[in-house]
Each structure stands twice: as C-alpha cells, then as structure tokens.
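Q: Let me give you the structure first, and then I'll get to my questions.
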Amino acid sequence: MKPDHPYTHLVVNPRASRLIWRIFLCPLLVGVCVSTSALGQAPSKNPEGFNASHGNSAERSQICRQFIDERLAVWRNRLQLEEWQISVVMIPRSGLKPKTLGGIRWDKRKKRAVISVLDPAEYRLPLREMLDDLEFTIVHELVHLELASLPRSEASRRSEEHAVNRIADALLKLDRQK
C-alpha cells in the first residue's frame, strides 16, 4: 500500500528531535544566546589586528588562536556541549584528510573531543575570510559531535556531510545577521 503523503513513513529519532529543538527553535524563542569566553569577557568578533589583511605568521596564528578559543566557547554554549572537554589544534594540510579543512575525534565515554583545523600559516586568504572559514570548520565539527550518537555507516557519510554543511552554514548566517 502506497502512503498518501511521502513522509507518512518517517520515524523521528528522539535525539534528532532534541538537536533540532536546541539548534533551531530554542534560540528563536529565547533570543540570541550571549556567551562569554573562558576569560569571562564577551567574545570579540573583531580581535586586535583583525583588519590587517596580512602580517607575519606568528601574528596571524596568535589572532587565530584567540578567535578560535572565543568562538569555540560561544558555539559550545549554543549547542549545549559544555559538559564536553573540547580543544582545537591547528595542523598542517598534510595532517588532514584530502579535500578537508578540519576534522574531529571524540570519546563519548570520557566526553572529550579534539577538533583539527588547518594551520593559519597554510591559508592564502585575507585574515577576515580565514577567520570566517576557521569558524565554519569549528561549527561544522561541533555539529558532527552533536550527531555522534546517531547510527553511522560509510553509505550515510556523504549525506551526513551534506546535512552538516547546511546546518553549519545556516547557524553562521543567523549569527552574522546580528
């Protein structure tokens, strides 16, 4: 028997429902989440030296490290991942999978995760674009972490990547409209 509607057979996973609620609906009802960095200061979307399009590698790395730490704190709060110990490491392109700019490894039992992002020294973009890309990578990998409890297979990997990219993009577009 053919269903009347294409979605009548859809079974909603309770964890997926909570994810959708936390990411999309809750912020709309409560307003924009305000977070503080680990230092207790409001995160800065415009770190010192931000307008410099170039600069030496050490300066860019320092600006990136500060920006990454601040934005990680914001997104951990928004995605309600505070119970996780999450760190970000900057690694050369050779340490990443081909055609990627980041990756994540996690231990669900210990609630620990390490996000790898492309080392700023290997970017050939102006600083603003590089920081935007680093933030996208962090949000993308955090969404993967949020989905970690769902079943995975090689067959579903491509679909998951597509969905994670779209969710990360939507979250960042909402954030940047402020």
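Chain labels follow the order of the structure tokens: the first chain is A, the next B, and so on; residue numbering restarts at 1 in every chain, and ligands are counted from 1 in their shown order.
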Find the residues near range 144-152 of chain A: any atom within 10 Å, counting only C-alpha atoms, skip ones fewer than 4 places away on the same chain, and give them as a ChimeraX atom specification.

A: /A:13,15-16,19,79-81,84,103-108,113,115,138-140,156-157,160-161,163-165,168

Q: Pull C-alpha atoms from the residues just selected and write them as a short mmCIF file (atom, residue, chain, number, x, y, z; two decimals), in the first residue's frame.

A:
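So out.cif came out as:
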```cif
data_model
loop_
_atom_site.label_atom_id
_atom_site.label_comp_id
_atom_site.auth_asym_id
_atom_site.auth_seq_id
_atom_site.Cartn_x
_atom_site.Cartn_y
_atom_site.Cartn_z
CA ASN A 13 14.57 9.87 16.31
CA ARG A 15 17.82 12.59 19.88
CA ALA A 16 17.47 14.18 16.46
CA LEU A 19 19.04 18.51 18.33
CA LEU A 79 24.95 23.78 21.13
CA GLN A 80 24.85 22.92 24.84
CA LEU A 81 28.12 20.99 24.76
CA TRP A 84 32.43 18.13 26.83
CA GLY A 103 38.27 17.05 11.39
CA ILE A 104 37.16 15.86 14.81
CA ARG A 105 37.90 12.88 17.04
CA TRP A 106 35.85 12.18 20.15
CA ASP A 107 35.49 9.82 23.05
CA LYS A 108 31.80 9.69 24.06
CA ALA A 113 36.91 15.85 21.66
CA ILE A 115 38.96 19.43 16.57
CA ILE A 138 34.60 24.60 14.16
CA VAL A 139 30.81 24.81 13.90
CA HIS A 140 30.79 22.03 11.29
CA SER A 156 25.37 7.58 5.13
CA ARG A 157 28.62 9.56 5.37
CA GLU A 160 25.70 13.42 6.78
CA GLU A 161 28.43 15.71 5.39
CA ALA A 163 23.47 17.96 6.10
CA VAL A 164 26.22 19.10 8.49
CA ASN A 165 27.45 21.65 5.95
CA ALA A 168 26.65 24.90 9.97
#
```

Q: Within 6 Å of range 119-131 of chain A, counting only C-alpha atoms, which residues show up once you throw out same-chain ones fewer than 5 positions away? Write them as a ChimeraX atom specification, please.

A: /A:53,57,61,90-92

Q: To test your reading of the structure, identify every residue in range 83-125 of chain A that backbone DSSP assigns to strand (DSSP E or B), and report it as a list in words.

A: Gln85, Ile86, Ser87, Val88, Val89, Met90, Ile91, Gly102, Gly103, Ile104, Arg105, Trp106, Asp107, Arg112, Ala113, Val114, Ile115, Ser116, Val117 and Leu118 of chain A

Q: Restricting it to N, CA and C atoms, dump the selection as a PDB file, in the first residue's frame.

A:
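Written out: selection06.pdb:
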```pdb
ATOM      1  N   GLN A  85      34.837  18.281  27.081  1.00  0.00           N
ATOM      2  CA  GLN A  85      36.128  18.961  27.021  1.00  0.00           C
ATOM      3  C   GLN A  85      36.525  18.963  25.548  1.00  0.00           C
ATOM      4  N   ILE A  86      36.545  20.151  24.962  1.00  0.00           N
ATOM      5  CA  ILE A  86      36.814  20.254  23.531  1.00  0.00           C
ATOM      6  C   ILE A  86      38.015  21.169  23.331  1.00  0.00           C
ATOM      7  N   SER A  87      38.974  20.684  22.573  1.00  0.00           N
ATOM      8  CA  SER A  87      40.127  21.517  22.244  1.00  0.00           C
ATOM      9  C   SER A  87      40.255  21.592  20.727  1.00  0.00           C
ATOM     10  N   VAL A  88      40.943  22.640  20.294  1.00  0.00           N
ATOM     11  CA  VAL A  88      41.184  22.837  18.863  1.00  0.00           C
ATOM     12  C   VAL A  88      42.685  22.886  18.643  1.00  0.00           C
ATOM     13  N   VAL A  89      43.136  22.090  17.681  1.00  0.00           N
ATOM     14  CA  VAL A  89      44.549  22.105  17.308  1.00  0.00           C
ATOM     15  C   VAL A  89      44.669  22.549  15.857  1.00  0.00           C
ATOM     16  N   MET A  90      45.703  23.343  15.602  1.00  0.00           N
ATOM     17  CA  MET A  90      45.970  23.806  14.242  1.00  0.00           C
ATOM     18  C   MET A  90      47.061  22.900  13.660  1.00  0.00           C
ATOM     19  N   ILE A  91      46.761  22.266  12.541  1.00  0.00           N
ATOM     20  CA  ILE A  91      47.699  21.316  11.969  1.00  0.00           C
ATOM     21  C   ILE A  91      47.916  21.618  10.481  1.00  0.00           C
ATOM     22  N   GLY A 102      39.391  20.433   8.097  1.00  0.00           N
ATOM     23  CA  GLY A 102      39.293  20.136   9.514  1.00  0.00           C
ATOM     24  C   GLY A 102      38.818  18.715   9.752  1.00  0.00           C
ATOM     25  N   GLY A 103      38.753  18.366  11.003  1.00  0.00           N
ATOM     26  CA  GLY A 103      38.272  17.048  11.395  1.00  0.00           C
ATOM     27  C   GLY A 103      38.038  17.032  12.894  1.00  0.00           C
ATOM     28  N   ILE A 104      37.407  15.984  13.368  1.00  0.00           N
ATOM     29  CA  ILE A 104      37.156  15.859  14.808  1.00  0.00           C
ATOM     30  C   ILE A 104      37.300  14.396  15.217  1.00  0.00           C
ATOM     31  N   ARG A 105      37.820  14.201  16.404  1.00  0.00           N
ATOM     32  CA  ARG A 105      37.903  12.884  17.036  1.00  0.00           C
ATOM     33  C   ARG A 105      37.288  13.044  18.420  1.00  0.00           C
ATOM     34  N   TRP A 106      36.479  12.059  18.840  1.00  0.00           N
ATOM     35  CA  TRP A 106      35.849  12.182  20.145  1.00  0.00           C
ATOM     36  C   TRP A 106      35.839  10.858  20.861  1.00  0.00           C
ATOM     37  N   ASP A 107      35.673  10.971  22.168  1.00  0.00           N
ATOM     38  CA  ASP A 107      35.493   9.818  23.046  1.00  0.00           C
ATOM     39  C   ASP A 107      34.206  10.103  23.819  1.00  0.00           C
ATOM     40  N   ARG A 112      35.242  13.838  25.640  1.00  0.00           N
ATOM     41  CA  ARG A 112      36.388  14.632  25.191  1.00  0.00           C
ATOM     42  C   ARG A 112      36.419  14.624  23.670  1.00  0.00           C
ATOM     43  N   ALA A 113      36.802  15.754  23.115  1.00  0.00           N
ATOM     44  CA  ALA A 113      36.911  15.849  21.658  1.00  0.00           C
ATOM     45  C   ALA A 113      38.057  16.774  21.291  1.00  0.00           C
ATOM     46  N   VAL A 114      38.671  16.475  20.161  1.00  0.00           N
ATOM     47  CA  VAL A 114      39.726  17.329  19.607  1.00  0.00           C
ATOM     48  C   VAL A 114      39.340  17.659  18.176  1.00  0.00           C
ATOM     49  N   ILE A 115      39.241  18.951  17.917  1.00  0.00           N
ATOM     50  CA  ILE A 115      38.956  19.432  16.569  1.00  0.00           C
ATOM     51  C   ILE A 115      40.282  19.849  15.943  1.00  0.00           C
ATOM     52  N   SER A 116      40.516  19.377  14.740  1.00  0.00           N
ATOM     53  CA  SER A 116      41.703  19.783  13.983  1.00  0.00           C
ATOM     54  C   SER A 116      41.270  20.782  12.925  1.00  0.00           C
ATOM     55  N   VAL A 117      42.001  21.896  12.825  1.00  0.00           N
ATOM     56  CA  VAL A 117      41.744  22.885  11.783  1.00  0.00           C
ATOM     57  C   VAL A 117      43.051  23.160  11.046  1.00  0.00           C
ATOM     58  N   LEU A 118      42.911  23.621   9.825  1.00  0.00           N
ATOM     59  CA  LEU A 118      44.088  23.937   9.021  1.00  0.00           C
ATOM     60  C   LEU A 118      44.883  25.061   9.677  1.00  0.00           C
TER      61      LEU A 118
END
```

Q: Using Å and a single decimal, report how far CA of Phe67 in chain A sits from CA of Lys110 in chain A.

A: 26.2 Å

Q: Could you tell me how far CA of Thr137 in chain A sits from CA of Leu96 in chain A, in Å to one decimal place?

A: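 Going from CA of Leu96 in chain A over to CA of Thr137 in chain A covers 12.5 Å.
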